[in-house]
$ cat coords38.cif   # mmCIF, C-alpha atoms; chains and numbers go by the auth columns
data_start
loop_
_atom_site.group_PDB
_atom_site.id
_atom_site.type_symbol
_atom_site.label_atom_id
_atom_site.label_comp_id
_atom_site.label_asym_id
_atom_site.label_seq_id
_atom_site.Cartn_x
_atom_site.Cartn_y
_atom_site.Cartn_z
_atom_site.B_iso_or_equiv
_atom_site.auth_seq_id
_atom_site.auth_asym_id
ATOM 1 C CA MET A 1 96.997 87.041 75.933 0.00 871 A
ATOM 2 C CA ASN A 2 95.620 90.341 74.573 0.00 872 A
ATOM 3 C CA ASN A 3 98.295 90.688 71.896 0.00 873 A
ATOM 4 C CA ILE A 4 100.420 92.693 74.315 0.00 874 A
ATOM 5 C CA ASN A 5 104.157 92.581 73.886 0.00 875 A
ATOM 6 C CA LEU A 6 105.435 92.637 77.473 0.00 876 A
ATOM 7 C CA GLU A 7 108.935 92.286 78.841 0.00 877 A
ATOM 8 C CA VAL A 8 109.727 92.295 82.564 0.00 878 A
ATOM 9 C CA ILE A 9 113.230 93.286 83.634 0.00 879 A
ATOM 10 C CA GLN A 10 114.367 92.979 87.225 0.00 880 A
ATOM 11 C CA SER A 11 116.894 95.663 88.040 0.00 881 A
ATOM 12 C CA ASP A 12 118.102 98.147 90.622 0.00 882 A
ATOM 13 C CA LEU A 13 116.201 100.890 88.836 0.00 883 A
ATOM 14 C CA PHE A 14 118.006 101.095 85.484 0.00 884 A
ATOM 15 C CA THR A 15 121.217 99.199 86.221 0.00 885 A
ATOM 16 C CA ASN A 16 120.298 96.280 83.903 0.00 886 A
ATOM 17 C CA VAL A 17 118.484 98.401 81.304 0.00 887 A
ATOM 18 C CA ASN A 18 119.978 99.502 77.991 0.00 888 A
ATOM 19 C CA ARG A 19 117.080 100.742 75.857 0.00 889 A
ATOM 20 C CA LYS A 20 113.901 102.835 75.929 0.00 890 A
ATOM 21 C CA PHE A 21 110.349 101.754 76.768 0.00 891 A
ATOM 22 C CA ASP A 22 106.768 102.942 76.289 0.00 892 A
ATOM 23 C CA ILE A 23 105.905 102.161 79.918 0.00 893 A
ATOM 24 C CA ILE A 24 108.024 101.822 83.024 0.00 894 A
ATOM 25 C CA ALA A 25 106.161 100.241 85.951 0.00 895 A
ATOM 26 C CA PHE A 26 107.559 100.863 89.411 0.00 896 A
ATOM 27 C CA ASN A 27 106.428 99.432 92.729 0.00 897 A
ATOM 28 C CA PRO A 28 108.176 101.227 95.619 0.00 898 A
ATOM 29 C CA PRO A 29 109.486 98.926 98.352 0.00 899 A
ATOM 30 C CA ILE A 30 106.566 99.435 100.734 0.00 900 A
ATOM 31 C CA SER A 31 104.245 96.580 101.631 0.00 901 A
ATOM 32 C CA ILE A 32 100.814 96.720 103.173 0.00 902 A
ATOM 33 C CA ASP A 33 99.458 93.673 104.926 0.00 903 A
ATOM 34 C CA LYS A 34 95.708 94.156 104.559 0.00 904 A
ATOM 35 C CA ALA A 35 94.921 90.675 105.885 0.00 905 A
ATOM 36 C CA GLU A 36 95.730 91.019 109.567 0.00 906 A
ATOM 37 C CA SER A 37 94.518 88.664 112.250 0.00 907 A
ATOM 38 C CA ALA A 38 92.877 89.956 115.436 0.00 908 A
ATOM 39 C CA PHE A 39 95.991 88.906 117.361 0.00 909 A
ATOM 40 C CA THR A 40 98.307 90.849 115.024 0.00 910 A
ATOM 41 C CA HIS A 41 96.068 93.909 115.366 0.00 911 A
ATOM 42 C CA LYS A 42 96.170 93.692 119.203 0.00 912 A
ATOM 43 C CA LEU A 43 99.937 93.165 119.190 0.00 913 A
ATOM 44 C CA LYS A 44 100.475 96.229 116.993 0.00 914 A
ATOM 45 C CA ALA A 45 98.167 98.273 119.240 0.00 915 A
ATOM 46 C CA PHE A 46 100.208 97.203 122.295 0.00 916 A
ATOM 47 C CA ILE A 47 103.491 98.070 120.571 0.00 917 A
ATOM 48 C CA ARG A 48 102.168 101.484 119.518 0.00 918 A
ATOM 49 C CA GLY A 49 101.137 102.105 123.127 0.00 919 A
ATOM 50 C CA THR A 50 104.636 101.507 124.477 0.00 920 A
ATOM 51 C CA LYS A 51 106.480 104.830 124.555 0.00 921 A
ATOM 52 C CA LEU A 52 109.981 103.513 123.796 0.00 922 A
ATOM 53 C CA VAL A 53 108.812 101.266 120.973 0.00 923 A
ATOM 54 C CA ARG A 54 106.619 104.057 119.594 0.00 924 A
ATOM 55 C CA GLY A 55 109.670 106.342 119.369 0.00 925 A
ATOM 56 C CA PHE A 56 111.677 103.614 117.645 0.00 926 A
ATOM 57 C CA LEU A 57 108.870 102.970 115.134 0.00 927 A
ATOM 58 C CA ARG A 58 108.618 106.704 114.348 0.00 928 A
ATOM 59 C CA TYR A 59 112.394 106.870 113.827 0.00 929 A
ATOM 60 C CA THR A 60 112.395 103.736 111.643 0.00 930 A
ATOM 61 C CA TYR A 61 109.425 104.945 109.574 0.00 931 A
ATOM 62 C CA SER A 62 111.081 108.343 109.123 0.00 932 A
ATOM 63 C CA LYS A 63 114.264 106.695 107.815 0.00 933 A
ATOM 64 C CA LEU A 64 112.237 104.400 105.543 0.00 934 A
ATOM 65 C CA SER A 65 110.189 107.323 104.241 0.00 935 A
ATOM 66 C CA LYS A 66 113.289 109.328 103.365 0.00 936 A
ATOM 67 C CA ALA A 67 114.874 106.357 101.584 0.00 937 A
ATOM 68 C CA VAL A 68 111.720 105.711 99.531 0.00 938 A
ATOM 69 C CA ILE A 69 111.399 109.403 98.617 0.00 939 A
ATOM 70 C CA ARG A 70 115.051 109.477 97.472 0.00 940 A
ATOM 71 C CA LEU A 71 114.435 106.347 95.379 0.00 941 A
ATOM 72 C CA ILE A 72 111.326 107.864 93.769 0.00 942 A
ATOM 73 C CA ASP A 73 113.258 111.061 93.002 0.00 943 A
ATOM 74 C CA ARG A 74 116.014 108.982 91.418 0.00 944 A
ATOM 75 C CA LEU A 75 113.377 107.168 89.342 0.00 945 A
ATOM 76 C CA PHE A 76 112.030 110.434 87.906 0.00 946 A
ATOM 77 C CA ILE A 77 115.531 111.750 87.156 0.00 947 A
ATOM 78 C CA GLU A 78 116.872 108.585 85.495 0.00 948 A
ATOM 79 C CA SER A 79 113.726 107.446 83.696 0.00 949 A
ATOM 80 C CA LYS A 80 113.976 110.320 81.200 0.00 950 A
ATOM 81 C CA ASN A 81 116.819 108.355 79.588 0.00 951 A
ATOM 82 C CA TYR A 82 114.704 105.192 79.313 0.00 952 A
ATOM 83 C CA LEU A 83 111.268 106.430 78.223 0.00 953 A
ATOM 84 C CA LYS A 84 110.343 106.587 74.575 0.00 954 A
ATOM 85 C CA GLU A 85 108.744 109.818 73.386 0.00 955 A
ATOM 86 C CA GLY A 86 105.214 109.889 74.816 0.00 956 A
ATOM 87 C CA GLY A 87 106.114 107.140 77.313 0.00 957 A
ATOM 88 C CA SER A 88 104.778 106.841 80.853 0.00 958 A
ATOM 89 C CA ILE A 89 105.753 105.724 84.325 0.00 959 A
ATOM 90 C CA LEU A 90 103.195 103.745 86.322 0.00 960 A
ATOM 91 C CA ILE A 91 103.605 103.808 90.102 0.00 961 A
ATOM 92 C CA CYS A 92 101.468 102.315 92.843 0.00 962 A
ATOM 93 C CA ILE A 93 101.638 104.877 95.645 0.00 963 A
ATOM 94 C CA ILE A 94 100.303 104.331 99.139 0.00 964 A
ATOM 95 C CA ASN A 95 98.555 107.333 100.665 0.00 965 A
ATOM 96 C CA ASN A 96 101.507 108.275 102.912 0.00 966 A
ATOM 97 C CA PHE A 97 103.731 109.006 99.896 0.00 967 A
ATOM 98 C CA GLU A 98 101.209 110.522 97.493 0.00 968 A
ATOM 99 C CA GLU A 99 101.871 114.205 98.216 0.00 969 A
ATOM 100 C CA ASP A 100 105.671 113.856 98.203 0.00 970 A
ATOM 101 C CA THR A 101 105.648 111.803 94.999 0.00 971 A
ATOM 102 C CA LYS A 102 103.508 114.354 93.174 0.00 972 A
ATOM 103 C CA LYS A 103 105.769 117.226 94.303 0.00 973 A
ATOM 104 C CA ILE A 104 108.877 115.372 93.133 0.00 974 A
ATOM 105 C CA SER A 105 107.301 114.487 89.784 0.00 975 A
ATOM 106 C CA GLU A 106 106.313 118.109 89.133 0.00 976 A
ATOM 107 C CA LYS A 107 109.796 119.302 90.117 0.00 977 A
ATOM 108 C CA ARG A 108 111.295 116.818 87.625 0.00 978 A
ATOM 109 C CA GLY A 109 108.975 117.898 84.770 0.00 979 A
ATOM 110 C CA TYR A 110 106.183 115.314 84.846 0.00 980 A
ATOM 111 C CA ASN A 111 102.400 115.579 84.693 0.00 981 A
ATOM 112 C CA SER A 112 100.269 112.946 86.387 0.00 982 A
ATOM 113 C CA GLU A 113 96.874 111.319 86.335 0.00 983 A
ATOM 114 C CA ILE A 114 95.209 108.696 88.518 0.00 984 A
ATOM 115 C CA VAL A 115 94.753 105.354 86.746 0.00 985 A
ATOM 116 C CA LYS A 116 93.244 103.378 89.643 0.00 986 A
ATOM 117 C CA ASP A 117 92.128 104.394 93.136 0.00 987 A
ATOM 118 C CA PHE A 118 92.306 101.937 96.054 0.00 988 A
ATOM 119 C CA ASP A 119 91.366 102.582 99.681 0.00 989 A
ATOM 120 C CA TYR A 120 95.069 102.450 100.693 0.00 990 A
ATOM 121 C CA GLY A 121 96.584 104.234 97.696 0.00 991 A
ATOM 122 C CA LYS A 122 96.475 104.911 93.982 0.00 992 A
ATOM 123 C CA VAL A 123 98.120 103.898 90.733 0.00 993 A
ATOM 124 C CA TYR A 124 99.402 106.989 88.951 0.00 994 A
ATOM 125 C CA ARG A 125 100.566 107.508 85.389 0.00 995 A
ATOM 126 C CA PHE A 126 103.348 110.068 85.080 0.00 996 A
ATOM 127 C CA TYR A 127 104.392 111.519 81.740 0.00 997 A
ATOM 128 C CA LEU A 128 106.756 114.299 80.670 0.00 998 A
ATOM 129 C CA LYS A 129 105.286 117.769 80.183 0.00 999 A
#
$ encode --input "coords38.cif" --output "structure tokens"
Amino acid sequence: MNNINLEVIQSDLFTNVNRKFDIIAFNPPISIDKAESAFTHKLKAFIRGTKLVRGFLRYTYSKLSKAVIRLIDRLFIESKNYLKEGGSILICIINNFEEDTKKISEKRGYNSEIVKDFDYGKVYRFYLK
């Protein structure tokens, strides 16, 4: 299209990868349904209002958050072996994970910059210091 040489590889992080790249794009396993119906909104409000369900949702979200953070940490550790010199990692980060992701990236030796800002999150470019 724009004379871009692009290859997409589906993998569990780097399991199916055997060379280095200029850019590694990563989309953490978090989805946001921005197109909710009025009924869905009311149902979620009811569920949040129920004490038992609220506790379960907090527990589930906490477990999910920890798993995603561990995956992002693993990405920063392992990607050093798969980035060409001067290469970058692009990650779409929802607001809930922004602070943790930036802390992990700094701990693992990466600088960052915002590429695109959305109302629900941002696309960051991470590159080695």
$ resolve_selection --input "coords38.cif" --expression "the PyMOL selection byres ((chain A and resi 950) around 10)" --output "list in words"
Lys890, Leu945, Phe946, Ile947, Glu948, Ser949, Asn951, Tyr952, Leu953, Lys954, Glu955, Gly957, Ser958, Ile959, Arg978, Gly979, Tyr980, Tyr997 and Leu998 of chain A
$ residues_around --input "coords38.cif" --residues "A:Ile963" --least-positions-apart "6" --cutoff "7 Å" --atoms "only C-alpha atoms" --output "MDAnalysis selection string"
chainID A and resid 991:993
$ write_last_selection --input "coords38.cif" --atoms "C-alpha atoms" --output "mmCIF file, in the coordinates of the input"
data_model
loop_
_atom_site.group_PDB
_atom_site.id
_atom_site.type_symbol
_atom_site.label_atom_id
_atom_site.label_comp_id
_atom_site.auth_asym_id
_atom_site.auth_seq_id
_atom_site.Cartn_x
_atom_site.Cartn_y
_atom_site.Cartn_z
ATOM 1 C CA GLY A 991 96.584 104.234 97.696
ATOM 2 C CA LYS A 992 96.475 104.911 93.982
ATOM 3 C CA VAL A 993 98.120 103.898 90.733
#
$ atom_distance --input "coords38.cif" --atom1 "atom CA of A:Leu960" --atom2 "atom CA of A:Glu983"
9.9 Å
$ atom_distance --input "coords38.cif" --atom1 "atom CA of A:Ile942" --atom2 "atom CA of A:Thr971"
7.0 Å
$ closest_residue --input "coords38.cif" --among "A:Glu877, A:Asp943, A:Asp989, A:Asp892" --to "A:Ser975" --atoms "only C-alpha atoms"
A:Asp943
$ closest_residue --input "coords38.cif" --among "A:Arg995, A:Glu968, A:Ala895, A:Tyr990" --to "A:Ser881" --atoms "all atoms listed in the file"
A:Ala895
$ atom_distance --input "coords38.cif" --atom1 "atom CA of A:Gln880" --atom2 "atom CA of A:Arg944"
16.6 Å
$ closest_residue --input "coords38.cif" --among "A:Phe988, A:Tyr994, A:Ser935, A:Asn875" --to "A:Asp970" --atoms "all atoms listed in the file"
A:Ser935
$ closest_residue --input "coords38.cif" --among "A:Leu941, A:Asn981, A:Lys986, A:Phe996" --to "A:Ile893" --atoms "all atoms listed in the file"
A:Phe996
$ closest_residue --input "coords38.cif" --among "A:Val878, A:Asn873, A:Phe891, A:Ile939" --to "A:Ile974" --atoms "all atoms listed in the file"
A:Ile939
$ axis_aligned_box --input "coords38.cif" --around "stretch 975-992 of chain A" --padding-each-side "5 Å" --output "AutoDock Vina command-line options"
--center_x 101.3 --center_y 110.6 --center_z 92.7 --size_x 29.9 --size_y 27.4 --size_z 26.0
$ closest_residue --input "coords38.cif" --among "A:Ile879, A:Asn886, A:Pro899, A:Asp987" --to "A:Arg940" --atoms "only C-alpha atoms"
A:Pro899
